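Dumped protein12.cif below, it's mmCIF, C-alpha atoms:
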data_my_file
#
loop_
_atom_site.label_atom_id
_atom_site.label_comp_id
_atom_site.auth_asym_id
_atom_site.auth_seq_id
_atom_site.Cartn_x
_atom_site.Cartn_y
_atom_site.Cartn_z
CA MET C 1 23.53 6.83 -7.22
CA ARG C 2 21.05 9.30 -5.75
CA PHE C 3 17.33 9.20 -6.54
CA LEU C 4 15.93 12.67 -5.96
CA LEU C 5 12.42 13.78 -6.79
CA ASP C 6 12.09 16.79 -9.06
CA SER C 7 10.16 19.89 -8.06
CA GLU C 8 6.88 18.74 -9.62
CA GLN C 9 7.05 15.37 -7.88
CA ARG C 10 7.80 17.02 -4.54
CA ALA C 11 4.90 19.43 -5.04
CA PHE C 12 2.62 16.50 -5.89
CA ALA C 13 3.65 14.69 -2.70
CA GLY C 14 3.16 17.87 -0.67
CA SER C 15 -0.31 18.49 -2.04
CA LEU C 16 -1.38 14.91 -1.29
CA HIS C 17 0.07 15.15 2.21
CA ALA C 18 -1.83 18.37 2.89
CA MET C 19 -5.09 16.94 1.57
CA LEU C 20 -4.80 13.72 3.57
CA THR C 21 -3.78 15.55 6.74
CA ALA C 22 -6.95 17.64 6.49
CA SER C 23 -9.07 14.53 5.91
CA ASP C 24 -8.71 13.07 9.43
CA THR C 25 -7.81 9.63 8.09
CA PRO C 26 -7.89 7.86 11.51
CA SER C 27 -11.65 8.45 11.73
CA VAL C 28 -12.04 7.35 8.09
CA ILE C 29 -10.12 4.15 8.87
CA ARG C 30 -12.31 3.35 11.86
CA ASP C 31 -15.49 3.95 9.86
CA TRP C 32 -14.17 1.68 7.11
CA SER C 33 -13.31 -1.04 9.64
CA ARG C 34 -16.95 -1.04 10.80
CA GLY C 35 -18.21 -1.38 7.25
CA ASP C 36 -19.27 2.27 6.92
CA HIS C 37 -17.78 3.33 3.58
CA THR C 38 -19.28 6.83 3.33
CA SER C 39 -16.26 8.85 4.45
CA GLY C 40 -13.90 6.42 2.73
CA ARG C 41 -15.66 6.82 -0.62
CA ALA C 42 -15.55 10.60 -0.28
CA LEU C 43 -11.81 10.45 0.37
CA TRP C 44 -11.39 8.01 -2.52
CA SER C 45 -13.04 10.51 -4.86
CA ARG C 46 -10.68 13.27 -3.75
CA ILE C 47 -7.68 10.99 -4.31
CA GLY C 48 -9.00 10.19 -7.77
CA GLU C 49 -9.48 13.87 -8.55
CA ALA C 50 -5.85 14.43 -7.56
CA GLY C 51 -4.89 12.05 -10.37
CA VAL C 52 -3.46 9.20 -8.29
CA PHE C 53 -5.29 6.32 -9.98
CA GLY C 54 -4.82 7.87 -13.40
CA LEU C 55 -1.08 7.30 -13.02
CA ALA C 56 -1.64 3.56 -13.63
CA VAL C 57 -4.06 4.08 -16.55
CA PRO C 58 -2.89 4.81 -20.12
CA GLU C 59 -3.77 8.17 -21.63
CA ALA C 60 -5.90 6.38 -24.25
CA TYR C 61 -8.37 5.54 -21.47
CA ASP C 62 -8.45 8.96 -19.77
CA GLY C 63 -5.46 8.26 -17.55
CA LEU C 64 -2.14 10.01 -17.02
CA GLY C 65 0.15 7.04 -17.33
CA PRO C 66 1.64 4.70 -17.06
CA ARG C 67 3.87 6.68 -14.68
CA PRO C 68 5.30 4.31 -12.06
CA VAL C 69 7.62 6.84 -10.38
CA GLU C 70 4.79 9.29 -9.71
CA LEU C 71 2.60 6.38 -8.58
CA ALA C 72 5.26 5.41 -6.04
CA VAL C 73 5.40 9.03 -4.83
CA ALA C 74 1.62 9.01 -4.33
CA PHE C 75 1.47 5.65 -2.59
CA VAL C 76 4.14 6.67 -0.08
CA GLU C 77 1.74 9.44 1.01
CA LEU C 78 -1.25 7.08 1.01
CA GLY C 79 0.71 4.73 3.26
CA ARG C 80 1.89 7.59 5.46
CA HIS C 81 -1.76 8.38 6.19
CA ALA C 82 -2.90 4.71 6.21
CA VAL C 83 -5.69 5.41 3.72
CA PRO C 84 -8.10 2.44 3.68
CA GLY C 85 -9.56 0.70 0.67
CA PRO C 86 -8.36 -1.48 -2.23
CA LEU C 87 -5.72 0.99 -3.39
CA VAL C 88 -3.16 -1.51 -4.63
CA GLU C 89 -5.91 -3.70 -6.04
CA THR C 90 -7.25 -0.84 -8.16
CA VAL C 91 -3.79 -0.30 -9.62
CA THR C 92 -3.50 -4.05 -10.21
CA ALA C 93 -6.86 -4.11 -11.97
CA ALA C 94 -5.71 -1.30 -14.26
CA ALA C 95 -2.64 -3.37 -15.17
CA LEU C 96 -4.77 -6.46 -15.85
CA LEU C 97 -7.37 -4.75 -18.03
CA THR C 98 -5.24 -4.23 -21.11
CA GLU C 99 -7.53 -5.56 -23.87
CA PRO C 100 -9.42 -2.73 -25.62
CA GLY C 101 -12.92 -3.90 -24.74
CA PRO C 102 -12.53 -4.29 -20.96
CA ALA C 103 -10.11 -1.33 -20.80
CA LYS C 104 -12.57 1.07 -22.44
CA ARG C 105 -15.36 -0.29 -20.23
CA PHE C 106 -13.65 0.04 -16.84
CA LEU C 107 -10.46 2.12 -16.91
CA PRO C 108 -11.89 5.66 -17.32
CA ALA C 109 -14.00 5.29 -14.16
CA LEU C 110 -11.07 3.78 -12.23
CA ALA C 111 -8.76 6.62 -13.34
CA ALA C 112 -11.25 9.27 -12.22
CA GLY C 113 -11.84 7.70 -8.81
CA GLU C 114 -15.48 7.06 -9.68
CA ALA C 115 -15.00 3.31 -9.22
CA MET C 116 -12.79 1.08 -7.10
CA ALA C 117 -11.59 -2.38 -8.01
CA THR C 118 -10.46 -5.43 -6.14
CA VAL C 119 -8.74 -8.60 -7.30
CA ALA C 120 -8.83 -12.16 -5.98
CA ALA C 121 -5.38 -13.30 -6.98
CA SER C 122 -5.45 -16.85 -5.64
CA PRO C 123 -7.68 -19.40 -7.34
CA SER C 124 -7.56 -21.59 -4.21
CA THR C 125 -9.00 -19.02 -1.78
CA ARG C 126 -10.79 -16.45 -3.95
CA TYR C 127 -10.43 -13.88 -1.14
CA ALA C 128 -10.37 -10.26 -2.24
CA LEU C 129 -9.70 -7.11 -0.28
CA ASP C 130 -12.77 -4.92 0.37
CA GLY C 131 -15.00 -6.80 -2.02
CA ASP C 132 -18.03 -5.34 -0.24
CA ALA C 133 -16.94 -1.79 -1.18
CA ALA C 134 -15.46 -2.37 -4.63
CA THR C 135 -17.55 -1.77 -7.72
CA VAL C 136 -15.30 -3.83 -10.01
CA ARG C 137 -14.48 -7.32 -8.70
CA LEU C 138 -11.96 -9.35 -10.65
CA ALA C 139 -10.99 -12.98 -10.09
CA LEU C 140 -7.90 -14.58 -11.59
CA ALA C 141 -8.35 -18.22 -12.56
CA PRO C 142 -6.35 -20.71 -14.64
CA ASP C 143 -8.68 -20.06 -17.57
CA GLY C 144 -8.44 -16.26 -17.47
CA LEU C 145 -9.66 -13.08 -15.78
CA TRP C 146 -13.29 -13.09 -14.64
CA LEU C 147 -15.65 -10.34 -13.56
CA SER C 148 -17.28 -11.61 -10.39
CA PRO C 149 -20.96 -10.81 -9.82
CA GLY C 150 -20.64 -10.12 -6.12
CA PRO C 151 -18.79 -10.77 -2.86
CA GLY C 152 -19.46 -13.24 -0.09
CA PRO C 153 -19.61 -12.43 3.63
CA VAL C 154 -16.85 -10.28 5.11
CA ARG C 155 -14.10 -12.18 6.93
CA PRO C 156 -11.93 -10.68 9.70
CA SER C 157 -8.34 -9.75 8.94
CA LEU C 158 -5.22 -8.92 10.93
CA ASP C 159 -5.78 -5.29 9.92
CA PRO C 160 -9.45 -4.45 10.67
CA ALA C 161 -9.42 -1.92 7.83
CA ARG C 162 -8.44 -4.65 5.33
CA ARG C 163 -11.76 -6.47 5.01
CA LEU C 164 -11.53 -9.81 3.20
CA THR C 165 -14.43 -11.14 1.13
CA PRO C 166 -14.65 -14.31 -0.96
CA LEU C 167 -15.85 -13.59 -4.47
CA SER C 168 -18.94 -15.39 -5.70
CA PRO C 169 -18.36 -18.06 -8.37
CA GLY C 170 -19.36 -17.51 -11.96
CA GLY C 171 -19.47 -14.18 -13.72
CA GLU C 172 -18.17 -12.88 -17.03
CA LEU C 173 -14.91 -13.88 -18.69
CA LEU C 174 -13.06 -10.66 -19.58
CA THR C 175 -9.93 -12.17 -21.10
CA PRO C 176 -8.50 -15.69 -21.28
CA ASP C 177 -4.90 -14.46 -21.16
CA PRO C 178 -4.46 -11.58 -18.68
CA PRO C 179 -0.95 -10.08 -18.19
CA VAL C 180 -0.53 -11.50 -14.69
CA GLY C 181 3.23 -10.95 -14.45
CA HIS C 182 2.94 -7.33 -15.55
CA ALA C 183 0.14 -6.69 -13.05
CA LEU C 184 2.08 -8.33 -10.22
CA VAL C 185 4.99 -5.92 -10.77
CA TRP C 186 2.62 -2.95 -10.43
CA ALA C 187 0.98 -4.49 -7.35
CA ARG C 188 4.33 -5.02 -5.62
CA LEU C 189 5.56 -1.54 -6.48
CA ALA C 190 2.44 0.08 -5.01
CA THR C 191 2.64 -2.17 -1.93
CA ALA C 192 6.30 -1.30 -1.39
CA ALA C 193 5.57 2.42 -1.62
CA GLN C 194 2.63 2.10 0.74
CA ALA C 195 4.77 0.16 3.23
CA LEU C 196 7.50 2.80 3.11
CA GLY C 197 4.91 5.47 3.93
CA VAL C 198 3.58 3.40 6.82
CA GLY C 199 7.09 3.00 8.21
CA LEU C 200 7.82 6.72 7.93
CA ALA C 201 4.59 7.55 9.77
CA LEU C 202 5.40 5.08 12.54
CA LEU C 203 8.86 6.57 12.94
CA ASP C 204 7.55 10.15 13.06
CA ARG C 205 4.89 9.26 15.62
CA THR C 206 7.38 7.38 17.79
CA VAL C 207 9.93 10.20 17.72
CA ALA C 208 7.22 12.66 18.79
CA TYR C 209 6.11 10.32 21.58
CA VAL C 210 9.55 9.68 23.12
CA ARG C 211 10.20 13.42 23.13
CA GLN C 212 7.19 14.13 25.33
CA ARG C 213 7.15 10.99 27.52
CA THR C 214 9.34 11.36 30.59
CA GLN C 215 11.00 8.92 32.95
CA PHE C 216 13.26 9.83 35.88
CA GLY C 217 12.45 13.43 35.08
CA VAL C 218 13.83 13.42 31.52
CA PRO C 219 12.37 12.55 28.08
CA VAL C 220 12.86 8.87 27.28
CA GLY C 221 14.08 9.96 23.86
CA SER C 222 17.28 11.14 25.54
CA PHE C 223 18.22 7.56 26.49
CA GLN C 224 20.96 6.09 24.33
CA ALA C 225 19.19 2.75 23.83
CA VAL C 226 16.08 4.55 22.52
CA LYS C 227 18.18 6.64 20.14
CA HIS C 228 19.84 3.50 18.78
CA ARG C 229 16.48 1.81 18.07
CA LEU C 230 15.18 4.87 16.26
CA ALA C 231 18.41 5.30 14.30
CA ASP C 232 18.20 1.68 13.13
CA ALA C 233 14.60 2.22 11.98
CA LYS C 234 15.51 5.44 10.19
CA THR C 235 18.46 3.78 8.43
CA ALA C 236 16.36 0.85 7.23
CA LEU C 237 13.66 3.13 5.83
CA GLU C 238 16.17 5.40 4.10
CA PHE C 239 17.85 2.40 2.47
CA ALA C 240 14.45 1.27 1.19
CA ARG C 241 13.67 4.62 -0.42
CA PRO C 242 16.25 4.51 -3.30
CA LEU C 243 15.42 0.86 -3.93
CA LEU C 244 11.78 1.83 -4.36
CA PHE C 245 12.38 4.65 -6.81
CA GLY C 246 15.10 2.74 -8.63
CA ALA C 247 12.64 -0.12 -9.14
CA ALA C 248 10.00 2.35 -10.34
CA LEU C 249 12.45 3.50 -13.02
CA THR C 250 13.26 0.00 -14.31
CA MET C 251 10.00 -1.85 -13.51
CA ASP C 252 12.09 -5.01 -13.56
CA PRO C 253 10.38 -7.85 -11.62
CA ALA C 254 13.50 -8.59 -9.56
CA ASP C 255 14.12 -4.93 -8.78
CA VAL C 256 10.51 -4.41 -7.69
CA ALA C 257 10.57 -7.59 -5.59
CA GLY C 258 13.73 -6.33 -3.89
CA ALA C 259 12.12 -2.96 -3.21
CA LYS C 260 9.04 -4.62 -1.73
CA LEU C 261 11.16 -6.91 0.41
CA LYS C 262 13.26 -4.05 1.80
CA ALA C 263 10.39 -1.57 2.27
CA CYS C 264 8.08 -4.08 3.95
CA GLU C 265 10.79 -5.46 6.23
CA ALA C 266 11.85 -1.92 7.18
CA ALA C 267 8.24 -0.95 7.94
CA TYR C 268 7.71 -4.12 9.98
CA ALA C 269 10.92 -3.54 11.97
CA THR C 270 9.87 0.07 12.58
CA ALA C 271 6.47 -1.15 13.78
CA ARG C 272 8.15 -3.43 16.32
CA THR C 273 10.32 -0.54 17.51
CA ALA C 274 7.31 1.78 17.72
CA LEU C 275 5.38 -0.75 19.77
CA GLN C 276 8.24 -1.31 22.20
CA LEU C 277 8.98 2.38 22.70
CA HIS C 278 5.32 3.30 23.22
CA GLY C 279 4.93 0.65 25.90
CA ALA C 280 1.49 -0.56 26.97
CA ILE C 281 -0.42 2.22 25.22
CA GLY C 282 0.85 0.93 21.87
CA TYR C 283 -1.18 -2.26 22.31
CA THR C 284 -4.54 -0.49 22.63
CA ALA C 285 -6.84 -0.43 19.61
CA GLU C 286 -8.16 2.98 20.67
CA TYR C 287 -4.73 4.57 20.23
CA ASP C 288 -4.11 5.71 16.64
CA LEU C 289 -0.71 4.00 16.46
CA SER C 290 -2.49 0.65 16.10
CA LEU C 291 -3.85 1.70 12.70
CA TRP C 292 -0.32 1.79 11.31
CA LEU C 293 1.00 -1.19 13.29
CA THR C 294 -1.51 -3.61 11.80
CA ARG C 295 -1.06 -2.16 8.33
CA ALA C 296 2.71 -2.72 8.43
CA ARG C 297 2.27 -6.38 9.23
CA ALA C 298 -0.49 -6.95 6.66
CA LEU C 299 1.49 -5.33 3.83
CA ARG C 300 4.48 -7.52 4.59
CA PHE C 301 2.72 -10.53 3.07
CA ALA C 302 0.47 -8.79 0.54
CA TRP C 303 1.26 -9.66 -3.09
CA GLY C 304 4.18 -11.88 -2.17
CA GLY C 305 5.77 -12.52 1.21
CA PRO C 306 9.43 -12.02 2.15
CA GLN C 307 10.53 -15.50 1.07
CA GLU C 308 8.89 -15.26 -2.35
CA CYS C 309 10.38 -11.83 -3.02
CA ARG C 310 13.78 -12.92 -1.78
CA GLU C 311 13.80 -15.93 -4.11
CA LEU C 312 12.85 -13.72 -7.06
CA VAL C 313 15.70 -11.32 -6.27
CA LEU C 314 18.21 -14.15 -5.98
CA SER C 315 17.04 -15.66 -9.26
CA GLY C 316 17.37 -12.32 -11.02
CA GLY C 317 13.72 -12.44 -12.10
CA GLY C 318 14.56 -14.83 -14.90
CA ARG C 319 17.21 -12.56 -16.44
CA ARG C 320 20.14 -14.06 -18.33
CA TRP C 321 23.41 -12.67 -17.06
#

Written as C-alpha cells, how would this file's structure read?
Amino acid sequence: MRFLLDSEQRAFAGSLHAMLTASDTPSVIRDWSRGDHTSGRALWSRIGEAGVFGLAVPEAYDGLGPRPVELAVAFVELGRHAVPGPLVETVTAAALLTEPGPAKRFLPALAAGEAMATVAASPSTRYALDGDAATVRLALAPDGLWLSPGPGPVRPSLDPARRLTPLSPGGELLTPDPPVGHALVWARLATAAQALGVGLALLDRTVAYVRQRTQFGVPVGSFQAVKHRLADAKTALEFARPLLFGAALTMDPADVAGAKLKACEAAYATARTALQLHGAIGYTAEYDLSLWLTRARALRFAWGGPQECRELVLSGGGRRW
C-alpha cells in the first residue's frame, strides 16, 4: 500500500517549509535555549496563523480539526527545521481539554497560536517542557487534570532547547476524568512526525557535507562505506514514513506506537550516522548539526520510550483478534 499526499497536503508542507526556511530557525533555537523567547514566540504566532495548531482543535472551538494526517504533515516540517517550544504538548493539551467549559476557555487561543500549552504527564516528577514559556500549564494527576499556577526553576535537559520545569503544586481542577489515552495517541503521533522530520534534516545535511568534504583529493561521499551508511539511514526513514501516515489514518494506539518507535529509531540511527560522517566538527555545539542531533535523542524517549512502544505494538494495543 502506498501513502501519497494529495496536492493540497503537499502545498501545505511546501508553504510551511518555505516559511520556516526564511525564519532562520537555528538562531531562534539558540535564543530559546538561553531563555530568550522573543523570536520563538514570533515564530509560534506565524505557525499558528498557518493553521498548524488548529488541526488538533475541533471546529466548534475555532479549530480546523481534528485532522491527524495534516497534523503529521505539519509536524514533519516542524521537525525538519527543529522548531523549539512545547509543540507536541500543545497538541496534547488540545486532546485533553475535551469538556465544554475548559475547551471553550482555552482551545480558541491555542488554535490561533495566541497561547502555548505544556503538560506534566508524570505525577511522580511533575516536569513539563518549557513551562517558563507556556501560558497554559496542565498537570495530570490520579485525581484528574489540573491547571498549574506557575512553573518552578528551569532544569537542564539533554537538548538545550527543551527546557524542563517542575510545575508548582496546587491550582485549579479542570476535569476529574481527562481522556489520557486519547491524548497520548495524539502526543505520540506528533512526536513521531517531528522525529521523522529531524531525521530527514540530518540526512540532507550529511549528504551535503560529504559531497563537499574531501579526502585523498576526492569527496568522502564517493567512498563506498559512506554510501552504505547513508543508504541505510535513507531506507530506515522511508520505511517510517508510510507507518506514520498509516497510523494517522487509523489513530489506533498500537499503530501510532509502532510509527513512533520506527520514526524515532530511524531518526536516532540517522543522528549517529550524521555524527560519524561529520567527524569532530559534529561534536561542537556551535555547529548547527548539534541542534538536530540532540533533538533526535530527546524525542526518542518523549511520550513513551522504545520499550514501551514496542510492548504496545506486540500487545496489539488491547485489540481482540

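Considering all atoms listed in the file, the residue among C:Leu261, C:Leu244, C:Leu129, C:Val220 positioned nearest to Val73 in chain C is C:Leu244.
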
Closest atom pairs, range 248-312 of chain C residues within 9 Å of range 203-216 of chain C, all atoms listed in the file, as CSV:
residue,atom,partner,partner_atom,distance
C:Thr270,CA,C:Leu203,CA,6.6
C:Ala271,CA,C:Leu203,CA,8.1
C:Thr273,CA,C:Thr206,CA,8.5
C:Ala274,CA,C:Thr206,CA,5.6
C:Leu275,CA,C:Thr206,CA,8.6
C:Leu277,CA,C:Thr206,CA,7.2
C:His278,CA,C:Thr206,CA,7.1
C:Leu289,CA,C:Arg205,CA,7.7

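Counting all atoms listed in the file and comparing C:Arg155, C:Ala190, C:Phe245, C:Ala201, the residue that lies closest to Thr21 in chain C is C:Ala201.
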
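The space between CA of Leu293 in chain C and CA of Trp186 in chain C spans 23.8 Å.
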
**OP:** Please evaluate the PyMOL selection byres ((chain C and resi 107) around 12) against the displayed coordinates and give the resulting residues as number ranges by chain.
**Re:** C: 53-65, 90-106, 108-117, 136

Write the selection just made, keeping C-alpha atoms, as a PDB file, keeping the file's coordinate frame?
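Written output follows (result_36.pdb):
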ATOM      1  CA  PHE C  53      -5.290   6.320  -9.980  1.00  0.00           C
ATOM      2  CA  GLY C  54      -4.820   7.870 -13.400  1.00  0.00           C
ATOM      3  CA  LEU C  55      -1.080   7.300 -13.020  1.00  0.00           C
ATOM      4  CA  ALA C  56      -1.640   3.560 -13.630  1.00  0.00           C
ATOM      5  CA  VAL C  57      -4.060   4.080 -16.550  1.00  0.00           C
ATOM      6  CA  PRO C  58      -2.890   4.810 -20.120  1.00  0.00           C
ATOM      7  CA  GLU C  59      -3.770   8.170 -21.630  1.00  0.00           C
ATOM      8  CA  ALA C  60      -5.900   6.380 -24.250  1.00  0.00           C
ATOM      9  CA  TYR C  61      -8.370   5.540 -21.470  1.00  0.00           C
ATOM     10  CA  ASP C  62      -8.450   8.960 -19.770  1.00  0.00           C
ATOM     11  CA  GLY C  63      -5.460   8.260 -17.550  1.00  0.00           C
ATOM     12  CA  LEU C  64      -2.140  10.010 -17.020  1.00  0.00           C
ATOM     13  CA  GLY C  65       0.150   7.040 -17.330  1.00  0.00           C
ATOM     14  CA  THR C  90      -7.250  -0.840  -8.160  1.00  0.00           C
ATOM     15  CA  VAL C  91      -3.790  -0.300  -9.620  1.00  0.00           C
ATOM     16  CA  THR C  92      -3.500  -4.050 -10.210  1.00  0.00           C
ATOM     17  CA  ALA C  93      -6.860  -4.110 -11.970  1.00  0.00           C
ATOM     18  CA  ALA C  94      -5.710  -1.300 -14.260  1.00  0.00           C
ATOM     19  CA  ALA C  95      -2.640  -3.370 -15.170  1.00  0.00           C
ATOM     20  CA  LEU C  96      -4.770  -6.460 -15.850  1.00  0.00           C
ATOM     21  CA  LEU C  97      -7.370  -4.750 -18.030  1.00  0.00           C
ATOM     22  CA  THR C  98      -5.240  -4.230 -21.110  1.00  0.00           C
ATOM     23  CA  GLU C  99      -7.530  -5.560 -23.870  1.00  0.00           C
ATOM     24  CA  PRO C 100      -9.420  -2.730 -25.620  1.00  0.00           C
ATOM     25  CA  GLY C 101     -12.920  -3.900 -24.740  1.00  0.00           C
ATOM     26  CA  PRO C 102     -12.530  -4.290 -20.960  1.00  0.00           C
ATOM     27  CA  ALA C 103     -10.110  -1.330 -20.800  1.00  0.00           C
ATOM     28  CA  LYS C 104     -12.570   1.070 -22.440  1.00  0.00           C
ATOM     29  CA  ARG C 105     -15.360  -0.290 -20.230  1.00  0.00           C
ATOM     30  CA  PHE C 106     -13.650   0.040 -16.840  1.00  0.00           C
ATOM     31  CA  PRO C 108     -11.890   5.660 -17.320  1.00  0.00           C
ATOM     32  CA  ALA C 109     -14.000   5.290 -14.160  1.00  0.00           C
ATOM     33  CA  LEU C 110     -11.070   3.780 -12.230  1.00  0.00           C
ATOM     34  CA  ALA C 111      -8.760   6.620 -13.340  1.00  0.00           C
ATOM     35  CA  ALA C 112     -11.250   9.270 -12.220  1.00  0.00           C
ATOM     36  CA  GLY C 113     -11.840   7.700  -8.810  1.00  0.00           C
ATOM     37  CA  GLU C 114     -15.480   7.060  -9.680  1.00  0.00           C
ATOM     38  CA  ALA C 115     -15.000   3.310  -9.220  1.00  0.00           C
ATOM     39  CA  MET C 116     -12.790   1.080  -7.100  1.00  0.00           C
ATOM     40  CA  ALA C 117     -11.590  -2.380  -8.010  1.00  0.00           C
ATOM     41  CA  VAL C 136     -15.300  -3.830 -10.010  1.00  0.00           C
TER      42      VAL C 136
END

Original post:
If you apply the PyMOL selection byres ((chain C and resi 172) around 6) to this file, what residues do you get, as a ChimeraX atom specification?
Top reply: /C:146-147,171,173

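CA of Trp32 in chain C is found 11.9 Å from CA of Trp44 in chain C.
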
**OP:** Could you check which of C:Gly221, C:Gly79, C:Pro166, C:Pro142 is closest to His17 in chain C, using all atoms listed in the file?
**Re:** C:Gly79

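Nearest to Glu311 in chain C of all the residues C:Gly14, C:Gly197, C:Pro253, C:Gly85 is C:Pro253, counting all atoms listed in the file.
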
Subject >> Result set, the PyMOL selection byres ((chain C and resi 76) around 8) on current file, as a VMD selection string >> reply: chain C and resid 72 to 75 77 to 80 193 to 198

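Straight-line separation from CA of Leu71 in chain C to CA of Asp252 in chain C: 15.6 Å.
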
Subject >> Within 6 Å of Val313 in chain C using all atoms listed in the file, minus same-chain residues under 2 positions, as a PyMOL selection string >> reply: chain C and resi 254+258+310-311+315-316

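The shortest atom-to-atom distance to Leu237 in chain C, with only C-alpha atoms taken into account, belongs to C:Leu202 out of C:Ile29, C:Met251, C:Val88, C:Leu202.
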
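Distance annotation: of C:Tyr287, C:Phe12, C:Tyr127, C:Phe223, the residue with the minimal separation from Leu140 in chain C is C:Tyr127; atom set is all atoms listed in the file.
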
Original post:
Which neighbours of Glu238 in chain C fall inside 10 Å, counting all atoms listed in the file, when residues of the same chain fewer than 5 positions from it are skipped, and could you give them as a PyMOL selection string?
Top reply: chain C and resi 196+200+232-233+243+263+266

**OP:** For Thr294 in chain C, work out the shell of residues within 7 Å, counting all atoms listed in the file and skipping chain neighbours fewer than 3 positions away, then give it as number ranges by chain.
**Re:** C: 158-159, 290-291, 297-298

**OP:** List the neighbours of Ala120 in chain C out to 10 Å using all atoms listed in the file; skip same-chain residues closer than 2 positions along the sequence, and give me the result as a ChimeraX atom specification.
**Re:** /C:89,118,122-129,131,137-141,145-146,148,164-167
